[in-house]
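Take a look at the structure set out below.
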Amino acid sequence: MAVVALTALLFTGGSVSSPQADASSSKGQTVEASLHQFDLDKLFLKHFNAENTYDHIYHLSETIGPRVAGSEEEKAAAAYLKREFRKNLYVVKEQEFSIPDRLQGTLEVSGESIAIGTATGAAPTSEAGLTAALYDAGLGAPEEFSEEAEGKIALISRGGTTFAEKASNAVNAGAVGVIIYNNVDSLVPLTPNLAGTEISIPVVGVSREDGQHLLQEQEATMTLEALTNQTSTNVIATRKPLISKPNPEIVYITAHYDSVPGAPGANDNASGTGTMLEMARVLKFLPIDKEIRFIGFGAEEIGLVGAREYVNQLSDKEIERSVANFNMDMVGTNWERADTLFVNVTDGEPNLVWEASQKAAQKLGYEDEIGLKRGGSSDHVAFHEVGIPSANYIRQERATGSLEPWYHTPFDTVENISVDRLQVAGEIVGQAVISTIKKEFKWNKGKRGEMNNLKDEEIYTEIK
């Protein structure tokens, strides 16, 4: 009977009592039983399983694959999150939103495909693509363009002037396309930022290595398609407090589930998404006194679009009720040099999330595994912008802040995921969250008093 009462209570978020208890309460005769201590830390550690997280990562990165914002694969990932949340009895809502128009396409040279970053604000090619001779324009200054640049694709090195100035100089010289290559080594192709300038020809970026290769080639083919009128989705799962009360405080546990073109996105960011889903499974039954919102954000990779859409829709009262945002992005890499799980705070100042994380790490014996760092570039920024304490968890090299070498590449696969590091991340973030949401409960006499005779583990085992 006690298990049935607790199950109903946990599923509904309301209070449960026997008719006798209600009657006595109405007469002002309710007597509280002895305090029952729920060891939420122990229960979470007992049941959080990084193997489950790995399974989510495998499905998102291998079964679905690259989940580019607005694509069918991103929609499939959103549907997967929705199913997993509902499987664990959460109330789930979807928030659809428009995403900016942008370009997507390919660059081919001598029959080989080269990874590119496309510049927002540049022009697409025709459906057939653009094939033209390559022209070495150095750093892209006006004097580096001769009459021979007309009708060719300008190959320009990063540095010296802005991307927009380089592209504008190429247009003025009669070039029909622009390829800007990086001036530092990186596995990730350069993505030129035109800073709002509209350019009438296609503009893409490549890595330094690929740029050096292109300098030895005669011609290239660019095919860029304009992606317009697309949408993405935020998936929101809500868990109400154990005891119903008006306007409870809110804690957000979040991760983005989209990826960049060509990257399966196992670490970035199926790792954060999978950890969030496993935390949701474990936390679904534990007694809490705050509202938890688990949110899978879409369209993070094109400018935190999903997170900002969600936060912009929060009411002033919801923002006032908001306690903290725990955001996870790239927490599972097996790259040996990624020795630190950084707690990235937008302004670099310690806040509630960092303090809870530091205490959790110390309690778990992981104090050497975490560090505080100033960092943006993920969805926690949107919460910080409206005054909600927030931080992003990400694995990097402590000494240099470097990310794994396969970041944003086709090599971001499950083979480069560490289950042990997923477990560490889940335990640290989980304990930090629990310290923010846990509460000690008192149970009324009557049938609810029977709960005091059950151990924490028996309660969880019986109802899960």
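Residues in the structure tokens are named by chain (A, B, ... in the order shown) and by number from 1 within that chain; ligands are numbered from 1 in the order shown.
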
Discussion item. So that I can check the surroundings of A:Ser357, please list as number ranges by chain every protein, DNA and RNA residue that reaches within 8 Å of it, counting only C-alpha atoms and ignoring chain neighbours fewer than 2 positions away.
Written reply: A: 343, 353-355, 359-361, 428-429, 431-432

Writer output for current selection, C-alpha atoms, as a PDB file, in the first residue's frame:
```
ATOM      1  CA  VAL A 343      32.708  24.059 -15.695  1.00  0.00           C
ATOM      2  CA  VAL A 353      26.519  25.785 -10.572  1.00  0.00           C
ATOM      3  CA  TRP A 354      30.293  25.895 -10.105  1.00  0.00           C
ATOM      4  CA  GLU A 355      30.041  25.788  -6.310  1.00  0.00           C
ATOM      5  CA  LYS A 359      31.495  20.305  -3.755  1.00  0.00           C
ATOM      6  CA  ALA A 360      30.208  17.276  -5.663  1.00  0.00           C
ATOM      7  CA  ALA A 361      33.639  16.566  -7.139  1.00  0.00           C
ATOM      8  CA  ILE A 428      29.524  15.091 -10.877  1.00  0.00           C
ATOM      9  CA  VAL A 429      26.643  16.823 -12.647  1.00  0.00           C
ATOM     10  CA  GLN A 431      25.384  15.231  -7.488  1.00  0.00           C
ATOM     11  CA  ALA A 432      25.552  18.960  -8.208  1.00  0.00           C
TER      12      ALA A 432
END
```

Worksheet entry | strand (DSSP E or B) residues, from DSSP on the backbone, in stretch 88-231 of chain A, as a ChimeraX atom specification | /A:91-98,102-109,112-114,117-118,130-136,153-157,159,161,177-181,203-206,219-227,231

Discussion item. Let's see if you can do this: from backbone DSSP, list all alpha helix (DSSP H) residues in stretch 181-385 of chain A, as an MDAnalysis selection string.
Written reply: chainID A and resid 208:214 272:283 305:312 316:321 352:364 380:384

Worksheet item: Out of A:Asp316, A:Asp368, A:Glu309, A:Asp258, which residue has the shortest atom-to-atom distance to A:His408 when counting only C-alpha atoms?
Response: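 When distances to A:His408 are compared using only C-alpha atoms, the smallest one comes from A:Asp258.
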
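Interatomic distance, atom CA of A:Glu84 against atom CA of A:Ile437: 22.3 Å.
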
Discussion item. Let me make sure I understand: among A:Lys290, A:Arg421, A:Arg83, A:Arg281, which one has the smallest atom-to-atom distance to A:Phe44 if we use only C-alpha atoms?
Written reply: A:Arg281

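From atom CA of A:Leu341 back to atom CA of A:Lys363, the distance works out to 15.7 Å.
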
Worksheet entry | Spatial neighbours of A:Ile116, 12 Å, only C-alpha atoms, chain gap at least 6 places, as a ChimeraX atom specification | /A:103-108,178-182,187-192,202-208,210-211,222-224,260-262,408-409

Write the residues of the preceding selection, restricted to N, CA and C atoms, as a compact mmCIF listing (two decimals), in the first residue's frame.
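After the write, again.txt holds the following:
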```
# COMPACT_ATOMS: atom_id res chain seq x y z
N LEU A 103 23.65 28.57 -46.14
CA LEU A 103 24.14 27.80 -47.27
C LEU A 103 24.69 26.46 -46.82
N GLN A 104 24.56 25.49 -47.70
CA GLN A 104 25.14 24.18 -47.44
C GLN A 104 25.57 23.58 -48.77
N GLY A 105 26.74 22.96 -48.80
CA GLY A 105 27.16 22.41 -50.08
C GLY A 105 28.50 21.73 -50.04
N THR A 106 29.14 21.63 -51.19
CA THR A 106 30.38 20.87 -51.34
C THR A 106 31.40 21.64 -52.16
N LEU A 107 32.67 21.21 -51.99
CA LEU A 107 33.77 21.71 -52.80
C LEU A 107 34.55 20.49 -53.29
N GLU A 108 34.71 20.38 -54.60
CA GLU A 108 35.43 19.24 -55.17
C GLU A 108 36.60 19.72 -56.03
N VAL A 178 34.90 32.62 -53.94
CA VAL A 178 36.00 32.85 -53.01
C VAL A 178 36.18 31.63 -52.12
N ILE A 179 37.44 31.20 -51.98
CA ILE A 179 37.80 30.18 -51.00
C ILE A 179 38.85 30.79 -50.08
N ILE A 180 38.54 30.89 -48.79
CA ILE A 180 39.48 31.45 -47.82
C ILE A 180 40.03 30.29 -46.98
N TYR A 181 41.36 30.16 -46.96
CA TYR A 181 41.95 29.06 -46.18
C TYR A 181 42.60 29.60 -44.91
N ASN A 182 42.61 28.75 -43.87
CA ASN A 182 43.11 29.15 -42.57
C ASN A 182 44.62 29.39 -42.61
N LEU A 187 41.95 20.72 -37.85
CA LEU A 187 41.21 19.69 -38.59
C LEU A 187 39.87 20.22 -39.07
N VAL A 188 39.41 21.29 -38.46
CA VAL A 188 38.09 21.85 -38.78
C VAL A 188 38.22 22.91 -39.87
N PRO A 189 37.39 22.87 -40.91
CA PRO A 189 37.46 23.91 -41.94
C PRO A 189 37.10 25.27 -41.39
N LEU A 190 37.72 26.28 -41.90
CA LEU A 190 37.44 27.66 -41.52
C LEU A 190 36.02 28.03 -41.95
N THR A 191 35.29 28.73 -41.09
CA THR A 191 33.98 29.26 -41.46
C THR A 191 34.07 30.78 -41.47
N PRO A 192 34.18 31.40 -42.64
CA PRO A 192 34.35 32.87 -42.71
C PRO A 192 33.13 33.60 -42.17
N PRO A 202 29.60 33.16 -54.18
CA PRO A 202 29.79 32.15 -53.13
C PRO A 202 31.11 32.36 -52.38
N VAL A 203 31.07 32.17 -51.06
CA VAL A 203 32.26 32.29 -50.22
C VAL A 203 32.30 31.12 -49.25
N VAL A 204 33.42 30.38 -49.27
CA VAL A 204 33.57 29.25 -48.35
C VAL A 204 34.95 29.32 -47.70
N GLY A 205 35.12 28.51 -46.64
CA GLY A 205 36.40 28.43 -45.97
C GLY A 205 36.88 26.99 -45.90
N VAL A 206 38.21 26.81 -45.88
CA VAL A 206 38.80 25.47 -45.76
C VAL A 206 39.95 25.54 -44.75
N SER A 207 40.48 24.38 -44.41
CA SER A 207 41.59 24.32 -43.48
C SER A 207 42.89 24.80 -44.16
N ARG A 208 43.90 25.04 -43.35
CA ARG A 208 45.19 25.45 -43.89
C ARG A 208 45.78 24.37 -44.81
N ASP A 210 44.20 22.05 -46.53
CA ASP A 210 43.48 21.97 -47.79
C ASP A 210 43.76 23.19 -48.67
N GLY A 211 43.96 24.34 -48.04
CA GLY A 211 44.30 25.53 -48.81
C GLY A 211 45.63 25.38 -49.52
N MET A 222 32.42 24.31 -56.97
CA MET A 222 31.65 24.64 -55.76
C MET A 222 30.18 24.44 -56.06
N THR A 223 29.49 23.79 -55.12
CA THR A 223 28.04 23.63 -55.23
C THR A 223 27.42 24.01 -53.90
N LEU A 224 26.75 25.14 -53.86
CA LEU A 224 26.16 25.65 -52.63
C LEU A 224 24.66 25.86 -52.81
N VAL A 260 27.19 19.34 -36.59
CA VAL A 260 27.58 20.08 -37.80
C VAL A 260 27.55 19.14 -39.00
N PRO A 261 27.51 19.69 -40.22
CA PRO A 261 27.48 18.83 -41.41
C PRO A 261 28.68 17.89 -41.46
N GLY A 262 28.41 16.64 -41.79
CA GLY A 262 29.46 15.66 -41.96
C GLY A 262 29.98 15.02 -40.69
N HIS A 408 34.21 18.48 -34.59
CA HIS A 408 33.56 18.95 -35.82
C HIS A 408 34.10 18.27 -37.08
N THR A 409 34.48 17.01 -36.95
CA THR A 409 34.96 16.27 -38.12
C THR A 409 34.20 14.95 -38.24
```

Worksheet item: So which residues touch A:Ala69 within 7 Å, counting only C-alpha atoms, skipping near sequence neighbours fewer than 5 positions away, as a list in words?
Response: Glu74, Ser232, Asp258, Gly298 and Ala299 of chain A

Writing out the chosen residues with C-alpha atoms as a PDB file, in the first residue's frame:
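After the write, again-v2.pdb holds the following:
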```pdb
ATOM      1  CA  GLU A  74      17.712  16.418 -36.628  1.00  0.00           C
ATOM      2  CA  SER A 232      14.137  23.127 -35.600  1.00  0.00           C
ATOM      3  CA  ASP A 258      22.194  18.766 -33.335  1.00  0.00           C
ATOM      4  CA  GLY A 298      17.989  22.134 -31.518  1.00  0.00           C
ATOM      5  CA  ALA A 299      20.079  24.408 -33.761  1.00  0.00           C
TER       6      ALA A 299
END
```

Worksheet item: Between atom CA of A:Phe297 and atom CA of A:Thr254, what is the spacing in Å?
Response: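 According to the coordinates, atom CA of A:Thr254 and atom CA of A:Phe297 are separated by 7.3 Å.
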